[in-house]
Amino acid sequence: MPRYLLPLIFGIVGTAILVSLGNWQVRRLAEKEAYLSAIDARIADAPVEVPAIPDPVEDRFLPVTATGVLTSDELHVLVSVKKVGPGYRIVSAFEMEDGRRIMVDRGFVRTSQKEAARYTGPASVIGNLHWPEEIDSFTPENDITGNIWFARDVPAMAAALDTEPVLVILRETSENDTTVTPLPVDSSGIPNDHLQYIVTWYGLAIVWAAMTLYYLRRMRKTKKA
């Protein structure tokens, strides 16, 4: 029996760790689904006026409406859209009726339309406040001269456009500029890979347990021989 003890303990402990990781992912899946449901519900709420001092945490995804002027001051953020290809998000400075100056992410244009003329002038917009987290260690430096941005860095964009650090992702607008396709906020861009992890960890637990039993049986046969 002592010769079986170490591999048996090793097998039990390893299987228990893998199962516990799978259980943790089950809990995380439930939490993520609840989080995504809450986001979807908030996105679809009735829009309100842009808060005087929006909070990046409390007001994330808040539906808002504003009336003012779309200016010609804009930034081009490199992006790729599924089934369409590469292009740019057009982020414009928006001067509200009360004098505030914020940013509006108007949506997508193809690469060839980067410098094309776009509507500027009076407009009413409806969208969602957002502070995207798109910067990591692999994000290149923005090409300020060429007006090519590689992430929606709200503070940096606000400094470049001389606006408040407030970004509205456009959902609807009164002006009909067909050259720009809105890319509204939704939960589809938030990763939810927990089901995949659940299958992985539980699968590894089964394999670990099976390999332990196989090894113990081999040890037993070897002893009898």
# chains A, B, ... in the order shown; residues from 1 in each chain; ligands from 1
>>> residues_around(residues="range 22-28 of chain A", least_positions_apart="4", cutoff="7 Å", atoms="only C-alpha atoms", output="JSON, numbers by chain")
{"A": [18, 32, 194, 197, 198, 201, 202]}
>>> write_last_selection(atoms="all heavy atoms", output="PDB file, in the first residue's frame")
ATOM      1  N   LEU A  18      -8.097  21.011 -10.009  1.00  0.00           N
ATOM      2  CA  LEU A  18      -8.702  21.271 -11.310  1.00  0.00           C
ATOM      3  C   LEU A  18     -10.217  21.437 -11.202  1.00  0.00           C
ATOM      4  O   LEU A  18     -10.809  22.299 -11.865  1.00  0.00           O
ATOM      5  CB  LEU A  18      -8.354  20.140 -12.275  1.00  0.00           C
ATOM      6  CG  LEU A  18      -6.867  20.063 -12.674  1.00  0.00           C
ATOM      7  CD1 LEU A  18      -6.581  18.761 -13.415  1.00  0.00           C
ATOM      8  CD2 LEU A  18      -6.470  21.257 -13.524  1.00  0.00           C
ATOM      9  N   LYS A  32     -20.539  37.090 -14.734  1.00  0.00           N
ATOM     10  CA  LYS A  32     -20.361  37.807 -15.992  1.00  0.00           C
ATOM     11  C   LYS A  32     -21.686  37.931 -16.737  1.00  0.00           C
ATOM     12  O   LYS A  32     -21.989  38.993 -17.301  1.00  0.00           O
ATOM     13  CB  LYS A  32     -19.329  37.080 -16.856  1.00  0.00           C
ATOM     14  CG  LYS A  32     -19.078  37.727 -18.225  1.00  0.00           C
ATOM     15  CD  LYS A  32     -18.624  39.169 -18.107  1.00  0.00           C
ATOM     16  CE  LYS A  32     -17.196  39.309 -17.630  1.00  0.00           C
ATOM     17  NZ  LYS A  32     -16.192  38.837 -18.565  1.00  0.00           N
ATOM     18  N   HIS A 194     -15.825  32.294 -20.117  1.00  0.00           N
ATOM     19  CA  HIS A 194     -15.833  31.425 -18.933  1.00  0.00           C
ATOM     20  C   HIS A 194     -16.345  30.014 -19.229  1.00  0.00           C
ATOM     21  O   HIS A 194     -15.877  29.055 -18.625  1.00  0.00           O
ATOM     22  CB  HIS A 194     -16.651  32.072 -17.815  1.00  0.00           C
ATOM     23  CG  HIS A 194     -16.058  33.365 -17.347  1.00  0.00           C
ATOM     24  ND1 HIS A 194     -14.859  33.442 -16.678  1.00  0.00           N
ATOM     25  CD2 HIS A 194     -16.482  34.648 -17.484  1.00  0.00           C
ATOM     26  CE1 HIS A 194     -14.574  34.694 -16.415  1.00  0.00           C
ATOM     27  NE2 HIS A 194     -15.539  35.450 -16.892  1.00  0.00           N
ATOM     28  N   TYR A 197     -13.501  28.051 -20.415  1.00  0.00           N
ATOM     29  CA  TYR A 197     -12.617  27.694 -19.307  1.00  0.00           C
ATOM     30  C   TYR A 197     -13.208  26.575 -18.450  1.00  0.00           C
ATOM     31  O   TYR A 197     -12.487  25.712 -17.943  1.00  0.00           O
ATOM     32  CB  TYR A 197     -12.341  28.921 -18.439  1.00  0.00           C
ATOM     33  CG  TYR A 197     -11.609  30.032 -19.153  1.00  0.00           C
ATOM     34  CD1 TYR A 197     -11.866  31.371 -18.852  1.00  0.00           C
ATOM     35  CD2 TYR A 197     -10.666  29.761 -20.128  1.00  0.00           C
ATOM     36  CE1 TYR A 197     -11.208  32.398 -19.506  1.00  0.00           C
ATOM     37  CE2 TYR A 197     -10.001  30.776 -20.790  1.00  0.00           C
ATOM     38  CZ  TYR A 197     -10.275  32.081 -20.476  1.00  0.00           C
ATOM     39  OH  TYR A 197      -9.613  33.090 -21.126  1.00  0.00           O
ATOM     40  N   ILE A 198     -14.534  26.597 -18.267  1.00  0.00           N
ATOM     41  CA  ILE A 198     -15.199  25.544 -17.495  1.00  0.00           C
ATOM     42  C   ILE A 198     -14.942  24.188 -18.135  1.00  0.00           C
ATOM     43  O   ILE A 198     -14.558  23.217 -17.472  1.00  0.00           O
ATOM     44  CB  ILE A 198     -16.716  25.816 -17.400  1.00  0.00           C
ATOM     45  CG1 ILE A 198     -16.984  27.006 -16.488  1.00  0.00           C
ATOM     46  CG2 ILE A 198     -17.463  24.588 -16.882  1.00  0.00           C
ATOM     47  CD1 ILE A 198     -18.417  27.504 -16.535  1.00  0.00           C
ATOM     48  N   TRP A 201     -11.148  23.199 -17.653  1.00  0.00           N
ATOM     49  CA  TRP A 201     -10.728  22.740 -16.323  1.00  0.00           C
ATOM     50  C   TRP A 201     -11.370  21.414 -15.937  1.00  0.00           C
ATOM     51  O   TRP A 201     -10.710  20.520 -15.419  1.00  0.00           O
ATOM     52  CB  TRP A 201     -11.058  23.800 -15.265  1.00  0.00           C
ATOM     53  CG  TRP A 201     -10.207  25.026 -15.345  1.00  0.00           C
ATOM     54  CD1 TRP A 201     -10.630  26.310 -15.499  1.00  0.00           C
ATOM     55  CD2 TRP A 201      -8.775  25.101 -15.306  1.00  0.00           C
ATOM     56  NE1 TRP A 201      -9.579  27.179 -15.550  1.00  0.00           N
ATOM     57  CE2 TRP A 201      -8.419  26.464 -15.423  1.00  0.00           C
ATOM     58  CE3 TRP A 201      -7.766  24.157 -15.165  1.00  0.00           C
ATOM     59  CZ2 TRP A 201      -7.105  26.894 -15.413  1.00  0.00           C
ATOM     60  CZ3 TRP A 201      -6.442  24.578 -15.161  1.00  0.00           C
ATOM     61  CH2 TRP A 201      -6.125  25.931 -15.287  1.00  0.00           C
ATOM     62  N   TYR A 202     -12.657  21.265 -16.206  1.00  0.00           N
ATOM     63  CA  TYR A 202     -13.314  19.988 -15.887  1.00  0.00           C
ATOM     64  C   TYR A 202     -12.771  18.866 -16.771  1.00  0.00           C
ATOM     65  O   TYR A 202     -12.625  17.722 -16.323  1.00  0.00           O
ATOM     66  CB  TYR A 202     -14.833  20.102 -16.055  1.00  0.00           C
ATOM     67  CG  TYR A 202     -15.523  20.839 -14.935  1.00  0.00           C
ATOM     68  CD1 TYR A 202     -16.745  21.460 -15.137  1.00  0.00           C
ATOM     69  CD2 TYR A 202     -14.972  20.911 -13.655  1.00  0.00           C
ATOM     70  CE1 TYR A 202     -17.400  22.137 -14.114  1.00  0.00           C
ATOM     71  CE2 TYR A 202     -15.602  21.585 -12.629  1.00  0.00           C
ATOM     72  CZ  TYR A 202     -16.816  22.198 -12.863  1.00  0.00           C
ATOM     73  OH  TYR A 202     -17.456  22.867 -11.844  1.00  0.00           O
TER      74      TYR A 202
END
>>> residues_around(residues="Val57 in chain A", least_positions_apart="5", cutoff="12 Å", atoms="only C-alpha atoms", output="PyMOL selection string")
chain A and resi 62+129-133
>>> closest_residue(among="A:Pro182, A:Gly68, A:Gly11, A:Gly99", to="Leu216 in chain A", atoms="only C-alpha atoms")
A:Gly11
>>> residues_around(residues="Ile206 in chain A", least_positions_apart="4", cutoff="12 Å", atoms="only C-alpha atoms", output="list in words")
Gly11, Ile12, Gly14, Thr15, Ala16, Ile17, Leu18, Val19, Gly22, Val199, Thr200, Trp201, Tyr202, Ala210, Met211, Thr212 and Leu213 of chain A
>>> residues_around(residues="range 155-159 of chain A", least_positions_apart="6", cutoff="9 Å", atoms="only C-alpha atoms", output="list of chain:residue names")
A:Leu75, A:Val91, A:Ala93, A:Ile102, A:Met103, A:Pro165, A:Val166, A:Leu167
>>> closest_residue(among="A:Glu49, A:Asp55, A:Asp153, A:Asp193", to="Ser124 in chain A", atoms="only C-alpha atoms")
A:Glu49
>>> closest_residue(among="A:Val180, A:Val104, A:Val84, A:Ala52", to="Thr71 in chain A", atoms="only C-alpha atoms")
A:Val104
>>> closest_residue(among="A:Val69, A:Val79, A:Ala30, A:Leu8", to="Glu97 in chain A", atoms="only C-alpha atoms")
A:Val69
